[in-house]
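> Hey, dropping run.txt in here, compact mmCIF, C-alpha atoms and all ligand atoms:
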# COMPACT_ATOMS: atom_id res chain seq x y z
CA MET A 18 11.70 -13.81 15.69
CA PHE A 19 10.94 -10.24 14.76
CA GLU A 20 10.17 -7.76 17.50
CA ASN A 21 6.91 -5.85 17.38
CA LEU A 22 7.21 -2.34 15.97
CA THR A 23 5.18 0.50 17.40
CA TYR A 24 4.42 4.01 16.22
CA ASN A 25 1.69 6.44 17.34
CA GLN A 26 -0.95 4.17 18.91
CA SER A 27 -0.31 1.28 16.57
CA THR A 28 1.55 -2.02 17.08
CA ILE A 29 2.80 -4.12 14.18
CA HIS A 30 3.24 -7.84 14.87
CA PHE A 31 5.24 -10.22 12.65
CA GLY A 32 4.93 -13.99 12.22
CA ILE A 33 2.32 -16.70 12.42
CA LEU A 34 -1.02 -15.25 13.55
CA GLY A 35 -1.74 -18.26 15.79
CA LYS A 36 1.50 -17.70 17.71
CA SER A 37 1.03 -13.96 18.04
CA GLN A 38 -0.93 -11.94 20.60
CA PHE A 39 -3.95 -11.87 18.30
CA GLU A 40 -6.10 -14.19 20.40
CA GLU A 41 -5.09 -12.51 23.65
CA ILE A 42 -5.97 -9.09 22.23
CA LEU A 43 -9.37 -10.32 21.04
CA THR A 44 -10.21 -11.89 24.39
CA GLU A 45 -8.75 -9.24 26.68
CA ASP A 46 -9.01 -5.88 24.86
CA PHE A 47 -12.13 -6.63 22.84
CA ALA A 48 -13.91 -9.21 25.01
CA ASP A 49 -17.30 -7.47 24.83
CA ALA A 50 -16.97 -6.06 21.33
CA LYS A 51 -18.94 -7.38 18.40
CA LYS A 52 -16.49 -8.27 15.65
CA VAL A 53 -16.93 -7.48 11.98
CA ILE A 54 -14.54 -8.86 9.37
CA ILE A 55 -14.27 -6.92 6.11
CA THR A 56 -12.74 -8.96 3.30
CA ASP A 57 -12.89 -9.53 -0.45
CA GLU A 58 -14.21 -12.48 -2.40
CA ASN A 59 -10.77 -14.00 -3.06
CA VAL A 60 -9.58 -13.89 0.54
CA TYR A 61 -13.00 -15.08 1.69
CA HIS A 62 -12.76 -18.26 -0.37
CA LEU A 63 -9.13 -18.96 0.50
CA TRP A 64 -8.75 -17.99 4.14
CA ILE A 65 -11.93 -17.02 5.98
CA GLN A 66 -12.54 -20.49 7.38
CA ASP A 67 -8.98 -20.67 8.64
CA LEU A 68 -9.51 -17.37 10.48
CA THR A 69 -12.97 -17.95 11.91
CA THR A 70 -12.45 -21.55 13.00
CA ASN A 71 -9.08 -21.01 14.68
CA TYR A 72 -10.28 -18.18 16.91
CA PRO A 73 -13.46 -18.90 18.91
CA GLU A 74 -13.90 -15.14 19.44
CA LEU A 75 -14.50 -14.85 15.69
CA ALA A 76 -16.96 -17.74 15.36
CA ASN A 77 -19.90 -15.31 15.47
CA ALA A 78 -18.22 -12.44 13.67
CA GLU A 79 -20.23 -10.66 11.02
CA ILE A 80 -18.48 -10.97 7.66
CA ILE A 81 -18.74 -8.30 5.00
CA GLN A 82 -17.41 -9.42 1.64
CA ILE A 83 -16.82 -7.07 -1.28
CA PRO A 84 -15.71 -7.86 -4.84
CA ALA A 85 -11.94 -7.82 -5.42
CA GLY A 86 -10.33 -4.98 -7.38
CA GLU A 87 -9.34 -1.32 -7.19
CA GLU A 88 -12.56 -0.32 -8.98
CA TYR A 89 -14.45 -1.23 -5.76
CA LYS A 90 -12.43 1.20 -3.64
CA SER A 91 -15.23 3.71 -3.94
CA ILE A 92 -17.55 5.74 -1.76
CA ASP A 93 -20.51 3.69 -3.09
CA VAL A 94 -19.00 0.53 -1.62
CA CYS A 95 -18.38 2.39 1.68
CA THR A 96 -22.07 3.32 1.79
CA GLN A 97 -23.00 -0.33 1.37
CA ILE A 98 -20.62 -1.34 4.18
CA TRP A 99 -21.93 1.43 6.49
CA SER A 100 -25.50 0.22 5.83
CA ALA A 101 -24.47 -3.32 6.78
CA LEU A 102 -22.81 -2.04 9.98
CA SER A 103 -26.05 -0.24 10.88
CA GLU A 104 -28.05 -3.38 10.22
CA TYR A 105 -25.71 -5.34 12.53
CA GLN A 106 -26.16 -2.58 15.15
CA ILE A 107 -22.44 -2.00 15.42
CA GLY A 108 -21.50 0.60 18.01
CA ARG A 109 -18.50 2.66 19.06
CA ASN A 110 -17.00 -0.12 21.19
CA ASP A 111 -17.11 -2.78 18.53
CA LEU A 112 -14.21 -3.90 16.38
CA ILE A 113 -13.57 -4.00 12.63
CA ILE A 114 -11.01 -6.50 11.32
CA ASN A 115 -9.75 -5.72 7.81
CA PHE A 116 -8.65 -8.98 6.26
CA GLY A 117 -7.23 -8.61 2.75
CA GLY A 118 -5.00 -6.59 0.45
CA GLY A 119 -4.49 -2.84 0.08
CA VAL A 120 -8.01 -2.16 -1.15
CA ILE A 121 -9.47 -3.82 1.96
CA THR A 122 -7.16 -2.12 4.47
CA ASP A 123 -7.68 1.27 2.76
CA ILE A 124 -11.46 1.04 2.52
CA GLY A 125 -11.94 -0.87 5.80
CA GLY A 126 -9.83 1.62 7.75
CA PHE A 127 -11.80 4.51 6.23
CA VAL A 128 -15.17 2.89 6.90
CA ALA A 129 -14.18 2.19 10.52
CA SER A 130 -12.78 5.69 11.08
CA CYS A 131 -15.94 7.45 9.88
CA PHE A 132 -18.65 5.15 11.24
CA LYS A 133 -20.18 6.71 14.37
CA ARG A 134 -17.13 9.03 14.35
CA GLY A 135 -14.65 6.21 14.72
CA LEU A 136 -14.38 2.54 15.59
CA LYS A 137 -11.16 0.72 16.42
CA PHE A 138 -9.79 -1.55 13.73
CA ILE A 139 -7.18 -4.24 13.24
CA ASN A 140 -5.49 -4.97 9.90
CA ILE A 141 -4.53 -8.47 8.81
CA PRO A 142 -2.92 -7.89 5.41
CA THR A 143 -2.91 -10.83 3.01
CA THR A 144 -0.90 -9.42 0.08
CA LEU A 145 2.76 -8.52 -0.04
CA LEU A 146 1.84 -4.97 -1.02
CA SER A 147 -0.45 -4.47 1.93
CA MET A 148 2.09 -6.07 4.31
CA VAL A 149 4.92 -3.73 3.31
CA ASP A 150 2.88 -0.61 2.67
CA ALA A 151 -0.90 -0.20 2.70
CA SER A 152 -1.72 -1.77 6.08
CA VAL A 153 0.89 0.31 7.92
CA GLY A 154 0.99 4.07 8.44
CA GLY A 155 -2.62 5.13 8.85
CA LYS A 156 -3.55 6.19 5.33
CA THR A 157 -7.14 5.15 4.70
CA GLY A 158 -9.53 6.15 1.96
CA VAL A 159 -11.09 5.59 -1.43
CA ASP A 160 -10.68 6.75 -5.03
CA LEU A 161 -12.87 9.37 -6.70
CA GLY A 162 -13.32 7.97 -10.22
CA PRO A 163 -9.83 7.95 -11.77
CA TYR A 164 -8.34 10.09 -8.99
CA LYS A 165 -6.56 7.84 -6.54
CA ASN A 166 -7.12 8.13 -2.77
CA GLN A 167 -8.85 11.53 -3.02
CA ILE A 168 -11.24 10.91 -0.13
CA GLY A 169 -9.77 9.67 3.11
CA VAL A 170 -8.45 10.23 6.60
CA PHE A 171 -5.29 9.44 8.51
CA SER A 172 -6.27 6.83 11.06
CA ASP A 173 -4.07 4.14 12.57
CA ALA A 174 -5.02 0.52 13.05
CA GLU A 175 -4.75 -0.51 16.69
CA HIS A 176 -2.77 -3.53 15.56
CA VAL A 177 -1.39 -4.88 12.30
CA PHE A 178 -0.67 -8.62 12.12
CA ILE A 179 1.74 -9.55 9.34
CA ASP A 180 1.70 -13.31 8.72
CA ASP A 181 3.50 -14.34 5.53
CA ARG A 182 1.57 -17.65 5.34
CA TYR A 183 -1.08 -15.72 3.41
CA LEU A 184 1.42 -15.21 0.59
CA GLU A 185 1.25 -18.95 -0.21
CA THR A 186 -1.93 -18.41 -2.20
CA LEU A 187 -1.00 -15.06 -3.74
CA PRO A 188 -0.56 -14.96 -7.55
CA ASN A 189 2.94 -14.10 -8.83
CA ASP A 190 1.95 -10.76 -10.33
CA GLU A 191 0.55 -9.71 -6.92
CA LEU A 192 3.83 -10.72 -5.27
CA LYS A 193 5.70 -8.61 -7.82
CA SER A 194 3.33 -5.72 -7.18
CA GLY A 195 4.43 -5.73 -3.52
CA TYR A 196 8.09 -6.07 -4.56
CA ALA A 197 7.80 -2.70 -6.35
CA GLU A 198 6.99 -0.95 -3.06
CA MET A 199 9.90 -2.76 -1.36
CA LEU A 200 12.28 -1.56 -4.10
CA LYS A 201 10.93 1.93 -3.47
CA HIS A 202 11.88 1.64 0.21
CA GLY A 203 15.44 0.73 -0.78
CA LEU A 204 15.68 3.53 -3.35
CA ILE A 205 14.46 6.27 -1.03
CA ALA A 206 16.10 5.24 2.24
CA ASP A 207 18.56 2.33 2.30
CA LYS A 208 21.16 1.51 -0.35
CA SER A 209 22.15 -1.80 1.20
CA TYR A 210 18.48 -2.89 1.28
CA TRP A 211 18.22 -1.92 -2.41
CA ASN A 212 21.29 -4.03 -3.19
CA ASP A 213 19.85 -7.02 -1.28
CA LEU A 214 16.50 -6.60 -3.02
CA ARG A 215 18.18 -6.75 -6.42
CA GLU A 216 19.04 -10.38 -5.56
CA PHE A 217 15.61 -11.10 -4.04
CA ASP A 218 13.16 -13.24 -5.97
CA PRO A 219 9.67 -12.02 -5.00
CA VAL A 220 7.89 -15.10 -6.36
CA ASN A 221 10.09 -17.77 -4.90
CA THR A 222 11.65 -17.17 -1.51
CA GLU A 223 11.54 -18.61 1.98
CA ASN A 224 12.65 -15.33 3.35
CA TYR A 225 9.68 -13.01 2.99
CA LEU A 226 9.39 -11.97 6.60
CA GLU A 227 12.95 -10.68 6.88
CA PHE A 228 12.45 -8.44 3.84
CA ILE A 229 8.95 -7.38 4.87
CA TYR A 230 10.34 -6.40 8.28
CA ARG A 231 13.06 -4.25 6.71
CA SER A 232 10.49 -2.46 4.55
CA VAL A 233 8.09 -1.87 7.45
CA LEU A 234 10.96 -0.59 9.60
CA ILE A 235 11.86 1.98 6.93
CA LYS A 236 8.23 3.04 6.60
CA LYS A 237 7.67 3.21 10.36
CA ARG A 238 10.76 5.43 10.86
CA ILE A 239 9.43 7.88 8.31
CA VAL A 240 5.80 7.81 9.43
CA GLU A 241 6.56 8.32 13.12
CA LYS A 242 8.39 11.56 12.24
CA ASP A 243 5.62 12.88 9.98
CA SER A 244 2.43 10.84 10.18
CA LYS A 245 0.23 13.44 8.41
CA GLU A 246 2.59 13.93 5.45
CA SER A 247 3.38 17.59 5.93
CA GLY A 248 6.99 17.02 4.85
CA LEU A 249 9.26 13.99 5.13
CA ARG A 250 6.54 11.37 4.56
CA LYS A 251 6.22 12.63 1.00
CA VAL A 252 9.36 10.61 0.15
CA LEU A 253 7.16 7.50 0.37
CA ASN A 254 5.46 8.84 -2.74
CA PHE A 255 8.52 8.38 -4.94
CA GLY A 256 7.22 6.81 -8.18
CA HIS A 257 3.62 7.51 -7.18
CA THR A 258 3.02 10.90 -8.82
CA ILE A 259 3.44 9.43 -12.30
CA GLY A 260 2.40 5.96 -11.05
CA HIS A 261 -0.98 7.23 -9.84
CA GLY A 262 -1.44 9.13 -13.12
CA LEU A 263 -0.87 5.90 -15.06
CA GLU A 264 -3.01 3.84 -12.70
CA GLY A 265 -5.86 6.36 -12.79
CA PHE A 266 -5.73 6.52 -16.60
CA CYS A 267 -5.91 2.72 -16.85
CA LEU A 268 -8.74 2.57 -14.31
CA LYS A 269 -10.72 5.17 -16.24
CA ASN A 270 -10.29 3.20 -19.45
CA ASP A 271 -11.36 -0.13 -17.94
CA MET A 272 -7.92 -1.71 -18.19
CA PRO A 273 -6.82 -1.66 -14.51
CA VAL A 274 -3.17 -2.37 -13.72
CA LEU A 275 -1.82 -3.58 -10.40
CA HIS A 276 -0.67 -0.72 -8.18
CA GLY A 277 2.93 -2.00 -7.94
CA TYR A 278 3.27 -2.24 -11.73
CA ALA A 279 2.10 1.38 -12.08
CA VAL A 280 4.53 2.40 -9.32
CA ALA A 281 7.40 0.53 -11.03
CA SER A 282 6.75 2.50 -14.24
CA GLY A 283 6.35 5.64 -12.14
CA MET A 284 9.71 5.03 -10.40
CA LEU A 285 11.38 4.52 -13.78
CA ALA A 286 9.95 7.81 -15.08
CA GLU A 287 10.75 9.70 -11.86
CA ALA A 288 14.30 8.27 -11.82
CA TYR A 289 14.57 9.69 -15.37
CA ILE A 290 13.54 13.12 -14.02
CA SER A 291 16.03 12.74 -11.14
CA CYS A 292 18.75 12.01 -13.69
CA GLU A 293 17.75 14.91 -15.98
CA LYS A 294 17.96 17.22 -12.95
CA ALA A 295 21.44 15.80 -12.21
CA LEU A 296 20.29 14.45 -8.83
CA ILE A 297 21.50 10.95 -9.77
CA SER A 298 24.18 9.84 -12.23
CA LYS A 299 23.52 8.17 -15.58
CA GLN A 300 25.07 5.00 -14.09
CA GLU A 301 22.61 5.04 -11.17
CA TYR A 302 19.71 5.61 -13.57
CA ASP A 303 20.86 2.69 -15.76
CA ASP A 304 21.10 0.41 -12.70
CA ILE A 305 17.58 1.34 -11.61
CA ARG A 306 16.28 0.85 -15.14
CA SER A 307 17.86 -2.59 -15.51
CA THR A 308 16.58 -3.78 -12.09
CA LEU A 309 13.02 -2.55 -12.68
CA SER A 310 12.93 -3.86 -16.26
CA GLN A 311 13.87 -7.35 -15.09
CA SER A 312 10.70 -7.71 -13.04
CA PHE A 313 8.18 -5.29 -14.52
CA SER A 314 6.88 -4.78 -18.01
CA PRO A 315 6.04 -1.10 -18.50
CA VAL A 316 2.43 0.08 -18.28
CA HIS A 317 1.38 0.49 -21.91
CA ILE A 318 -0.07 3.87 -22.76
CA ALA A 319 -0.20 5.29 -26.29
CA ASP A 320 1.85 8.48 -26.87
CA ASN A 321 -1.28 10.49 -27.58
CA ASP A 322 -2.67 9.58 -24.12
CA PHE A 323 0.28 11.04 -22.18
CA LYS A 324 -1.40 14.46 -21.99
CA GLU A 325 -4.41 12.83 -20.29
CA VAL A 326 -2.08 11.14 -17.77
CA ILE A 327 -0.46 14.51 -17.00
CA LYS A 328 -3.92 16.04 -16.59
CA LEU A 329 -4.71 13.39 -13.96
CA MET A 330 -1.42 14.19 -12.22
CA HIS A 331 -2.52 17.82 -11.87
CA ASN A 332 -4.96 16.52 -9.22
CA ASP A 333 -2.23 14.91 -7.13
CA LYS A 334 -2.59 15.71 -3.42
CA LYS A 335 1.01 16.96 -3.11
CA ASN A 336 0.68 19.71 -5.75
CA LYS A 337 1.21 23.32 -4.78
CA GLY A 338 -0.22 26.31 -6.64
CA GLY A 339 -1.19 24.12 -9.59
CA VAL A 340 2.40 22.87 -10.05
CA ILE A 341 3.03 19.11 -9.90
CA GLN A 342 5.39 18.25 -7.05
CA PHE A 343 7.62 15.18 -7.08
CA SER A 344 9.67 13.23 -4.61
CA LEU A 345 12.94 12.58 -6.43
CA ILE A 346 15.93 10.48 -5.45
CA ASN A 347 19.27 12.25 -5.03
CA GLY A 348 21.34 9.07 -4.91
CA ILE A 349 20.38 5.45 -4.23
CA GLY A 350 18.94 5.41 -0.71
CA LYS A 351 18.24 9.15 -0.56
CA CYS A 352 15.20 11.21 -1.48
CA LEU A 353 14.10 14.85 -1.70
CA TYR A 354 10.49 16.02 -1.64
CA ASP A 355 8.66 19.08 -3.03
CA GLN A 356 10.62 19.01 -6.29
CA GLU A 357 9.10 20.59 -9.37
CA ALA A 358 9.23 19.37 -12.95
CA ASN A 359 7.57 21.07 -15.90
CA ASP A 360 5.11 19.27 -18.17
CA LYS A 361 7.70 18.94 -20.97
CA LEU A 362 10.09 17.07 -18.67
CA VAL A 363 7.21 14.89 -17.41
CA LEU A 364 6.25 14.11 -21.01
CA ASN A 365 9.84 13.06 -21.77
CA ALA A 366 9.83 10.94 -18.61
CA LEU A 367 6.64 9.17 -19.74
CA GLU A 368 8.21 8.53 -23.14
CA SER A 369 11.28 7.08 -21.42
CA ILE A 370 9.24 4.28 -19.84
CA ILE A 371 8.67 2.46 -23.13
N1 LIG B 401 2.06 4.68 0.59
C1 LIG B 401 2.68 5.89 0.95
C2 LIG B 401 2.44 6.29 2.37
O1 LIG B 401 1.93 5.50 3.14
O2 LIG B 401 2.75 7.38 2.75
Render the structure in this file as structure tokens.

Amino acid sequence: MFENLTYNQSTIHFGILGKSQFEEILTEDFADAKKVIITDENVYHLWIQDLTTNYPELANAEIIQIPAGEEYKSIDVCTQIWSALSEYQIGRNDLIINFGGGVITDIGGFVASCFKRGLKFINIPTTLLSMVDASVGGKTGVDLGPYKNQIGVFSDAEHVFIDDRYLETLPNDELKSGYAEMLKHGLIADKSYWNDLREFDPVNTENYLEFIYRSVLIKKRIVEKDSKESGLRKVLNFGHTIGHGLEGFCLKNDMPVLHGYAVASGMLAEAYISCEKALISKQEYDDIRSTLSQSFSPVHIADNDFKEVIKLMHNDKKNKGGVIQFSLINGIGKCLYDQEANDKLVLNALESII
């Protein structure tokens, strides 16, 4: 049994949905609310019947299904969802349930937060990545072309229900994508978690919930101190400055990569920068490199495209005065934010990935 975690106004529940407070919350807190489920085509085919038949309160829910993939995390798709909400005459007291991976919880949370100036929403993440990261912490939003998460608001789900049964149908590369974010949690905040994760097999374990819980606990402790990312929360972006540059480049060139794979390459490159700045030892860098290389092939970008990746990074939300800012580790389990690196060092870091 894992205790609920709470931060701000949000409660995170762990374990089988049917044994959780989900039904009670629907019947007591949202008895008179119309319910709208936002999901993607994959989750719809695999799990929507399970959800809507097990909970009578959801039997008449409106279901909005969008295509799967990061390329649909756009303002155009939001407009389509808002039009559907208008058609269903959804009002301020109604409830949105985001049922899917990171794209769904990001876009669904954003749609809910802006519609009629804000509707309550619940997240039911179905991917490892959304369980350990995207569904928790209140970041919602969409991409602007190749620029990741440029449009968005901080807005917390009322409840997040993390049920690892949904991982049964998740492809291995999606499981590994979530594993990258878990490794990040170990690297930035908890050396013993990092050591345990090095032995963890993300595609074949009976023990997901214990590891998911440890990741969410790390994230919650950071987010409750700095929910709007004015300081400490930036450490959660370790690996993401370069990772988002790589992901945005791939998206722009119609060869999308999974977020976790881009973050794994980003962590490798940013660990290189940490080592070059003498924040970590060569031994620590080698350990990180060998662990990441075991699970993740590097994102392939030709040398002559690195400048384009760096250009994308110049639009990162953390930048100050036109200078790219990094979160860099200063030991395994420790992280500094607002660290600068010049373009030459970033170029070397990108070269080091291959
Ligand atoms: N995914 C990073 C954060 O939630 O701050």
> Kindly assemble as a Markdown table a list of the chain A residues that lie within 6 Å of ligand LIG 401 (chain B), each paired with its nearest atom pair and their distance in Å to one decimal, using only C-alpha atoms and all ligand atoms, sorted first by chain and then by ascending residue number.

| residue | atom | partner | partner_atom | distance |
| --- | --- | --- | --- | --- |
| A:Asp150 | CA | B:LIG401 | N1 | 5.7 |
| A:Gly154 | CA | B:LIG401 | O1 | 5.6 |
| A:Lys156 | CA | B:LIG401 | O1 | 5.9 |
| A:Arg250 | CA | B:LIG401 | O2 | 5.8 |
| A:Leu253 | CA | B:LIG401 | C1 | 4.8 |
| A:Asn254 | CA | B:LIG401 | C1 | 5.5 |
> Record the distance separating CA of Ala288 (chain A) and CA of Lys361 (chain A), expressed in Å with one decimal.
15.5 Å
> Show me, as a Markdown table, the residues of region 99-189 of chain A having an atom within 9 Å of region 264-285 of chain A, each with the closest atom pair and its distance in Å, using all atoms listed in the file.

| residue | atom | partner | partner_atom | distance |
| --- | --- | --- | --- | --- |
| A:Leu146 | CA | A:Gly277 | CA | 7.6 |
| A:Gly162 | CA | A:Lys269 | CA | 7.1 |
| A:Pro163 | CA | A:Gly265 | CA | 4.4 |
| A:Tyr164 | CA | A:Gly265 | CA | 5.9 |
| A:Lys165 | CA | A:Gly265 | CA | 6.5 |
> Select, counting only C-alpha atoms, all protein, DNA and RNA residues no farther than 12 Å from (6.3, -5.3, -19.2) in file coordinates, and express the selection as an NGL selection string.
:A and (190 or 193 or 274 or 278-279 or 281-282 or 309-318 or 370-371)
> Pick out the residues sitting within 10 Å of Ala151 (chain A), and hand them over as a ChimeraX atom specification; count all atoms listed in the file, and ignore anything fewer than 2 positions along from it in its own chain.
/A:118-123,140,142,144-149,153-157,195,198
> Give me, please, the distance in Å between CA of Tyr354 (chain A) and CA of Gly248 (chain A), quoted to one decimal.
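Atom-to-atom, CA of Tyr354 (chain A) to CA of Gly248 (chain A), that is 7.4 Å.
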> Quick one: pull the distance between CA of Ala295 (chain A) and CA of Leu353 (chain A), Å, one decimal.
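Interatomic distance, CA of Ala295 (chain A) to CA of Leu353 (chain A): 12.9 Å.
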> Kindly indicate which residue among A:Val177, A:Cys131, A:Ala286, A:Ala85 lies nearest to Leu102 (chain A), using only C-alpha atoms for the distances.
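Closest candidate: A:Cys131.
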> Just give me the residues with any atom within 10 Å of (-8.5, 0.5, 17.1), file coordinates, counting only C-alpha atoms, written as number ranges by chain.
A: 26-27, 47, 110-114, 126, 129-130, 135-140, 172-176
> Selected residues, C-alpha atoms, written as an mmCIF file, in the coordinates of the input, please.

data_model
loop_
_atom_site.group_PDB
_atom_site.id
_atom_site.type_symbol
_atom_site.label_atom_id
_atom_site.label_comp_id
_atom_site.auth_asym_id
_atom_site.auth_seq_id
_atom_site.Cartn_x
_atom_site.Cartn_y
_atom_site.Cartn_z
ATOM 1 C CA GLN A 26 -0.950 4.170 18.910
ATOM 2 C CA SER A 27 -0.310 1.280 16.570
ATOM 3 C CA PHE A 47 -12.130 -6.630 22.840
ATOM 4 C CA ASN A 110 -17.000 -0.120 21.190
ATOM 5 C CA ASP A 111 -17.110 -2.780 18.530
ATOM 6 C CA LEU A 112 -14.210 -3.900 16.380
ATOM 7 C CA ILE A 113 -13.570 -4.000 12.630
ATOM 8 C CA ILE A 114 -11.010 -6.500 11.320
ATOM 9 C CA GLY A 126 -9.830 1.620 7.750
ATOM 10 C CA ALA A 129 -14.180 2.190 10.520
ATOM 11 C CA SER A 130 -12.780 5.690 11.080
ATOM 12 C CA GLY A 135 -14.650 6.210 14.720
ATOM 13 C CA LEU A 136 -14.380 2.540 15.590
ATOM 14 C CA LYS A 137 -11.160 0.720 16.420
ATOM 15 C CA PHE A 138 -9.790 -1.550 13.730
ATOM 16 C CA ILE A 139 -7.180 -4.240 13.240
ATOM 17 C CA ASN A 140 -5.490 -4.970 9.900
ATOM 18 C CA SER A 172 -6.270 6.830 11.060
ATOM 19 C CA ASP A 173 -4.070 4.140 12.570
ATOM 20 C CA ALA A 174 -5.020 0.520 13.050
ATOM 21 C CA GLU A 175 -4.750 -0.510 16.690
ATOM 22 C CA HIS A 176 -2.770 -3.530 15.560
#
> Taking 2 positions as the minimum chain separation for residues in the same chain, which residues sit within 7 Å of Phe178 (chain A) when counting only C-alpha atoms? Answer as a list in words.
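Result of the neighbour search: Ile29, His30, Phe31, Leu34, Asn140, Ile141, His176 and Asp180 of chain A.
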> Output: region 75-97 of chain A of the preceding structure, restricted to C-alpha atoms, written as a PDB file, in the first residue's frame.

ATOM      1  CA  LEU A  75     -18.881   7.444 -16.596  1.00  0.00           C
ATOM      2  CA  ALA A  76     -21.436   5.490 -18.628  1.00  0.00           C
ATOM      3  CA  ASN A  77     -22.729   8.716 -20.206  1.00  0.00           C
ATOM      4  CA  ALA A  78     -19.422  10.559 -20.308  1.00  0.00           C
ATOM      5  CA  GLU A  79     -18.588  12.417 -23.481  1.00  0.00           C
ATOM      6  CA  ILE A  80     -15.404  11.012 -24.997  1.00  0.00           C
ATOM      7  CA  ILE A  81     -13.012  13.149 -27.002  1.00  0.00           C
ATOM      8  CA  GLN A  82     -10.413  11.114 -28.845  1.00  0.00           C
ATOM      9  CA  ILE A  83      -7.372  12.635 -30.540  1.00  0.00           C
ATOM     10  CA  PRO A  84      -4.679  10.949 -32.656  1.00  0.00           C
ATOM     11  CA  ALA A  85      -1.648   9.675 -30.718  1.00  0.00           C
ATOM     12  CA  GLY A  86       1.697  11.487 -30.998  1.00  0.00           C
ATOM     13  CA  GLU A  87       3.570  14.614 -29.932  1.00  0.00           C
ATOM     14  CA  GLU A  88       2.739  16.277 -33.263  1.00  0.00           C
ATOM     15  CA  TYR A  89      -0.889  16.571 -32.041  1.00  0.00           C
ATOM     16  CA  LYS A  90       0.098  18.537 -28.930  1.00  0.00           C
ATOM     17  CA  SER A  91      -0.811  21.736 -30.730  1.00  0.00           C
ATOM     18  CA  ILE A  92      -3.077  24.731 -30.347  1.00  0.00           C
ATOM     19  CA  ASP A  93      -5.070  23.551 -33.402  1.00  0.00           C
ATOM     20  CA  VAL A  94      -6.020  20.365 -31.569  1.00  0.00           C
ATOM     21  CA  CYS A  95      -6.949  22.447 -28.485  1.00  0.00           C
ATOM     22  CA  THR A  96      -9.300  24.513 -30.646  1.00  0.00           C
ATOM     23  CA  GLN A  97     -10.985  21.337 -31.851  1.00  0.00           C
TER      24      GLN A  97
END
